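Trainee: One structure follows; several queries about it will come next.
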Amino acid sequence: MRKNSVLSVFKFIIFPKRAWSEAEKAYASCTDIKDDNSALNMLSLFSGIASLAAFIVNLHFTKERGDSGMETALRIAVITFVQFFATYFIVGFTTLKLMGKDAGKAKCDLYAGIICSATILFYIIGMFVPSGFLPYIAILSLYIVYIAWAGARQFLNVTENAQGRFIPFISIMTLLLPAIIAILLKLLMRLI
(Lines give C-alpha, C1' and ligand atoms only; values in the text may rest on other atoms or scores of the structure.)
Protein backbone atom coordinates (compact mmCIF):
# COMPACT_ATOMS: atom_id res chain seq x y z
CA MET A 1 0.00 0.00 0.00
CA ARG A 2 2.94 2.29 0.63
CA LYS A 3 4.17 2.21 -2.96
CA ASN A 4 0.80 2.77 -4.57
CA SER A 5 -0.79 5.23 -2.18
CA VAL A 6 -2.10 7.48 -4.95
CA LEU A 7 -3.66 4.61 -6.85
CA SER A 8 -5.01 3.12 -3.66
CA VAL A 9 -7.11 6.21 -2.95
CA PHE A 10 -8.79 5.76 -6.31
CA LYS A 11 -9.39 2.12 -5.38
CA PHE A 12 -11.02 3.22 -2.15
CA ILE A 13 -13.36 5.47 -4.11
CA ILE A 14 -14.21 2.99 -6.86
CA PHE A 15 -14.21 -0.31 -4.89
CA PRO A 16 -14.29 0.60 -1.19
CA LYS A 17 -15.13 -2.83 0.25
CA ARG A 18 -12.43 -4.62 -1.69
CA ALA A 19 -9.85 -1.89 -1.05
CA TRP A 20 -10.51 -1.90 2.72
CA SER A 21 -10.23 -5.69 2.89
CA GLU A 22 -6.93 -5.54 0.94
CA ALA A 23 -5.73 -2.83 3.32
CA GLU A 24 -6.66 -5.02 6.30
CA LYS A 25 -4.72 -7.97 4.86
CA ALA A 26 -1.71 -5.77 4.09
CA TYR A 27 -1.87 -4.22 7.54
CA ALA A 28 -2.06 -7.62 9.23
CA SER A 29 0.80 -9.12 7.22
CA CYS A 30 3.24 -6.18 7.12
CA THR A 31 5.02 -4.77 10.10
CA ASP A 32 6.38 -1.71 8.27
CA ILE A 33 2.91 -0.23 7.73
CA LYS A 34 2.35 -0.05 11.47
CA ASP A 35 5.22 2.42 11.89
CA ASP A 36 4.81 4.00 8.48
CA ASN A 37 3.70 7.53 7.69
CA SER A 38 1.98 6.51 4.46
CA ALA A 39 -1.28 8.23 5.43
CA LEU A 40 0.53 11.48 6.11
CA ASN A 41 2.55 11.20 2.90
CA MET A 42 -0.57 10.48 0.87
CA LEU A 43 -2.43 13.37 2.46
CA SER A 44 0.53 15.70 1.85
CA LEU A 45 0.43 14.89 -1.84
CA PHE A 46 -3.32 15.39 -2.19
CA SER A 47 -3.32 18.55 -0.05
CA GLY A 48 -0.51 19.96 -2.17
CA ILE A 49 -2.42 19.23 -5.37
CA ALA A 50 -5.59 20.81 -3.91
CA SER A 51 -3.61 23.89 -2.81
CA LEU A 52 -2.04 24.27 -6.22
CA ALA A 53 -5.42 23.89 -7.91
CA ALA A 54 -6.98 26.44 -5.53
CA PHE A 55 -4.13 28.85 -6.24
CA ILE A 56 -4.51 28.54 -10.02
CA VAL A 57 -8.30 28.81 -9.97
CA ASN A 58 -8.31 31.81 -7.62
CA LEU A 59 -5.51 33.56 -9.49
CA HIS A 60 -7.53 33.23 -12.68
CA PHE A 61 -10.78 34.51 -11.13
CA THR A 62 -9.18 37.44 -9.31
CA LYS A 63 -7.52 38.58 -12.54
CA GLU A 64 -10.95 38.56 -14.21
CA ARG A 65 -12.24 40.90 -11.49
CA GLY A 66 -9.33 43.25 -12.07
CA ASP A 67 -7.39 42.52 -8.86
CA SER A 68 -3.73 41.63 -8.91
CA GLY A 69 -4.84 38.37 -7.36
CA MET A 70 -1.54 37.00 -6.14
CA GLU A 71 -2.15 37.77 -2.47
CA THR A 72 -5.69 36.42 -2.52
CA ALA A 73 -4.69 33.29 -4.43
CA LEU A 74 -1.84 32.58 -2.01
CA ARG A 75 -4.14 33.09 0.95
CA ILE A 76 -6.70 30.63 -0.47
CA ALA A 77 -3.95 28.10 -1.26
CA VAL A 78 -2.67 28.24 2.33
CA ILE A 79 -6.20 27.90 3.70
CA THR A 80 -6.83 24.89 1.45
CA PHE A 81 -3.65 23.16 2.58
CA VAL A 82 -4.25 23.82 6.29
CA GLN A 83 -7.94 22.92 6.30
CA PHE A 84 -7.31 19.38 5.07
CA PHE A 85 -4.36 18.75 7.34
CA ALA A 86 -6.28 19.97 10.36
CA THR A 87 -9.21 17.77 9.34
CA TYR A 88 -6.91 14.76 9.04
CA PHE A 89 -5.44 15.26 12.51
CA ILE A 90 -8.82 15.88 14.12
CA VAL A 91 -10.45 12.87 12.41
CA GLY A 92 -7.47 10.64 13.25
CA PHE A 93 -7.52 11.73 16.89
CA THR A 94 -11.30 11.29 17.13
CA THR A 95 -11.12 7.86 15.51
CA LEU A 96 -8.45 6.79 17.98
CA LYS A 97 -10.49 8.07 20.92
CA LEU A 98 -13.68 6.38 19.70
CA MET A 99 -11.95 3.09 18.88
CA GLY A 100 -9.74 3.00 21.93
CA LYS A 101 -6.18 1.80 22.07
CA ASP A 102 -7.19 -1.59 20.62
CA ALA A 103 -7.28 -0.30 17.03
CA GLY A 104 -3.85 1.33 17.23
CA LYS A 105 -2.78 4.83 16.32
CA ALA A 106 -1.28 3.90 12.94
CA LYS A 107 -4.45 2.10 11.89
CA CYS A 108 -6.68 5.02 12.91
CA ASP A 109 -4.35 7.47 11.15
CA LEU A 110 -4.43 5.39 7.97
CA TYR A 111 -8.24 5.25 8.12
CA ALA A 112 -8.43 9.04 8.59
CA GLY A 113 -5.87 9.65 5.85
CA ILE A 114 -7.76 7.62 3.28
CA ILE A 115 -11.10 9.24 4.08
CA CYS A 116 -9.59 12.75 4.03
CA SER A 117 -7.74 12.03 0.77
CA ALA A 118 -11.00 10.93 -0.86
CA THR A 119 -12.62 14.13 0.41
CA ILE A 120 -9.79 16.17 -1.15
CA LEU A 121 -10.35 14.47 -4.51
CA PHE A 122 -14.03 15.44 -4.43
CA TYR A 123 -12.96 18.99 -3.50
CA ILE A 124 -10.59 19.17 -6.48
CA ILE A 125 -13.28 17.85 -8.82
CA GLY A 126 -15.66 20.52 -7.48
CA MET A 127 -13.20 23.28 -8.38
CA PHE A 128 -13.03 22.34 -12.03
CA VAL A 129 -16.64 21.54 -12.89
CA PRO A 130 -19.02 24.19 -14.21
CA SER A 131 -21.09 25.84 -11.50
CA GLY A 132 -24.28 24.17 -12.76
CA PHE A 133 -22.88 20.77 -11.75
CA LEU A 134 -21.88 21.77 -8.20
CA PRO A 135 -25.04 20.32 -6.59
CA TYR A 136 -24.22 16.97 -8.17
CA ILE A 137 -20.66 17.11 -6.85
CA ALA A 138 -22.03 17.97 -3.40
CA ILE A 139 -24.26 14.90 -3.53
CA LEU A 140 -21.34 12.83 -4.81
CA SER A 141 -19.28 13.89 -1.80
CA LEU A 142 -21.81 12.07 0.40
CA TYR A 143 -20.16 8.93 -0.96
CA ILE A 144 -17.60 9.54 1.79
CA VAL A 145 -20.21 8.09 4.17
CA TYR A 146 -20.10 4.79 2.28
CA ILE A 147 -16.28 4.76 2.19
CA ALA A 148 -16.20 5.46 5.95
CA TRP A 149 -18.77 2.72 6.61
CA ALA A 150 -16.87 0.11 4.57
CA GLY A 151 -13.62 1.03 6.32
CA ALA A 152 -15.17 0.98 9.77
CA ARG A 153 -16.56 -2.50 9.19
CA GLN A 154 -13.64 -4.13 7.44
CA PHE A 155 -10.56 -2.19 8.50
CA LEU A 156 -11.34 -0.98 12.01
CA ASN A 157 -13.72 -3.86 12.85
CA VAL A 158 -16.33 -1.57 14.39
CA THR A 159 -19.21 -3.60 15.82
CA GLU A 160 -22.70 -3.14 14.40
CA ASN A 161 -23.89 -1.51 17.61
CA ALA A 162 -21.13 1.11 17.47
CA GLN A 163 -21.52 1.74 13.72
CA GLY A 164 -24.68 3.77 14.27
CA ARG A 165 -22.74 6.37 16.24
CA PHE A 166 -19.27 6.07 14.77
CA ILE A 167 -19.94 6.31 11.03
CA PRO A 168 -22.26 9.36 11.00
CA PHE A 169 -20.00 11.21 13.43
CA ILE A 170 -16.80 10.55 11.47
CA SER A 171 -18.51 11.22 8.12
CA ILE A 172 -19.99 14.52 9.24
CA MET A 173 -16.65 15.57 10.70
CA THR A 174 -14.84 14.68 7.48
CA LEU A 175 -17.31 16.57 5.32
CA LEU A 176 -17.92 19.66 7.47
CA LEU A 177 -14.59 20.29 9.22
CA PRO A 178 -12.77 21.54 6.09
CA ALA A 179 -15.45 24.17 5.54
CA ILE A 180 -15.52 25.20 9.21
CA ILE A 181 -11.73 25.43 9.38
CA ALA A 182 -11.63 27.46 6.15
CA ILE A 183 -14.19 29.93 7.54
CA LEU A 184 -12.23 30.28 10.79
CA LEU A 185 -8.95 30.80 8.93
CA LYS A 186 -10.51 33.45 6.67
CA LEU A 187 -11.81 35.27 9.74
CA LEU A 188 -8.40 35.09 11.41
CA MET A 189 -6.67 36.38 8.28
CA ARG A 190 -8.98 39.38 8.19
CA LEU A 191 -8.13 40.18 11.79
CA ILE A 192 -4.38 40.12 11.17
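Chain lettering (A, B, ...) mirrors the order of the C-alpha coordinates, residue numbering begins at 1 for each chain separately, and ligand numbering begins at 1 in order of display.
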Using only C-alpha atoms, which residues of region 44-121 of chain A come within 8 Å of region 158-174 of chain A, and what is the closest atom pair for each, with the distance in Å to one decimal? Give it as CSV, sorted by chain and residue number.
Mentor:
```
residue,atom,partner,partner_atom,distance
A:Thr87,CA,A:Thr174,CA,6.7
A:Val91,CA,A:Ile170,CA,6.8
A:Thr94,CA,A:Ile170,CA,7.9
A:Thr95,CA,A:Ile170,CA,7.5
A:Leu98,CA,A:Phe166,CA,7.5
A:Met99,CA,A:Val158,CA,7.8
A:Ile115,CA,A:Thr174,CA,7.4
A:Cys116,CA,A:Thr174,CA,6.6
A:Thr119,CA,A:Thr174,CA,7.4
```
Trainee: At a cut-off of 7 Å, using only C-alpha atoms, what residues contact Ile79 (chain A)? Leave out same-chain residues fewer than 3 positions from it and give the result as a PyMOL selection string.
Mentor: chain A and resi 75-76+82-83+182+185
Trainee: Would you write out those residues with N, CA and C atoms, as a PDB file, in the first residue's frame?
Mentor:
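Dumped everything to out-v4.pdb:
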```pdb
ATOM      1  N   ARG A  75      -3.372  33.255  -0.283  1.00  0.00           N
ATOM      2  CA  ARG A  75      -4.135  33.086   0.949  1.00  0.00           C
ATOM      3  C   ARG A  75      -5.078  31.877   0.850  1.00  0.00           C
ATOM      4  N   ILE A  76      -5.775  31.764  -0.269  1.00  0.00           N
ATOM      5  CA  ILE A  76      -6.700  30.629  -0.470  1.00  0.00           C
ATOM      6  C   ILE A  76      -5.930  29.314  -0.544  1.00  0.00           C
ATOM      7  N   VAL A  82      -4.087  23.957   4.844  1.00  0.00           N
ATOM      8  CA  VAL A  82      -4.251  23.823   6.294  1.00  0.00           C
ATOM      9  C   VAL A  82      -5.572  23.160   6.653  1.00  0.00           C
ATOM     10  N   GLN A  83      -6.635  23.476   5.929  1.00  0.00           N
ATOM     11  CA  GLN A  83      -7.938  22.924   6.296  1.00  0.00           C
ATOM     12  C   GLN A  83      -7.968  21.405   6.191  1.00  0.00           C
ATOM     13  N   ALA A 182     -11.883  26.416   7.147  1.00  0.00           N
ATOM     14  CA  ALA A 182     -11.633  27.463   6.149  1.00  0.00           C
ATOM     15  C   ALA A 182     -12.288  28.777   6.571  1.00  0.00           C
ATOM     16  N   LEU A 185     -10.219  30.253   9.420  1.00  0.00           N
ATOM     17  CA  LEU A 185      -8.947  30.799   8.935  1.00  0.00           C
ATOM     18  C   LEU A 185      -9.148  32.107   8.168  1.00  0.00           C
TER      19      LEU A 185
END
```
Trainee: Quick one: everything within 9 Å of Phe85 (chain A), counting only C-alpha atoms, minus sequence neighbours fewer than 6 positions away in the same chain. Send it as a ChimeraX atom specification.
Mentor: /A:40,43-44,47,116,178
Trainee: Considering only C-alpha atoms, state which residue in the set A:Val145, A:Met127, A:Ser38, A:Asn157 is at the smallest distance from Phe61 (chain A).
Mentor: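 Closest to Phe61 (chain A) of all the choices is A:Met127.
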Trainee: Which residue out of A:Pro130, A:Gly92, A:Gly113, A:Gly100 has the minimum interatomic distance to Met42 (chain A) when only C-alpha atoms are used?
Mentor: A:Gly113
Trainee: Suppose you want the space between CA of Ser51 (chain A) and CA of Tyr146 (chain A); what is it in Å?
Mentor: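 Answer for the CA of Ser51 (chain A) to CA of Tyr146 (chain A) separation: 25.7 Å.
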Trainee: I'd like the contact shell of Gln154 (chain A) - 12 Å cut-off, only C-alpha atoms, skipping same-chain residues fewer than 5 positions apart - returned as a PyMOL selection string.
Mentor: chain A and resi 16-25+27+107+111+147-149+159-160+163
Trainee: Name the residues in contact with Gly48 (chain A) at a cut-off of 9 Å, using only C-alpha atoms, excluding same-chain residues fewer than 4 positions from it; report them as JSON, numbers by chain.
Mentor: {"A": [43, 44, 52, 53, 77, 80, 81]}
Trainee: In Å, how far is it from CA of Asn37 (chain A) to CA of Ile14 (chain A)?
Mentor: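 Computing the Euclidean distance for CA of Asn37 (chain A) and CA of Ile14 (chain A) yields 23.5 Å.
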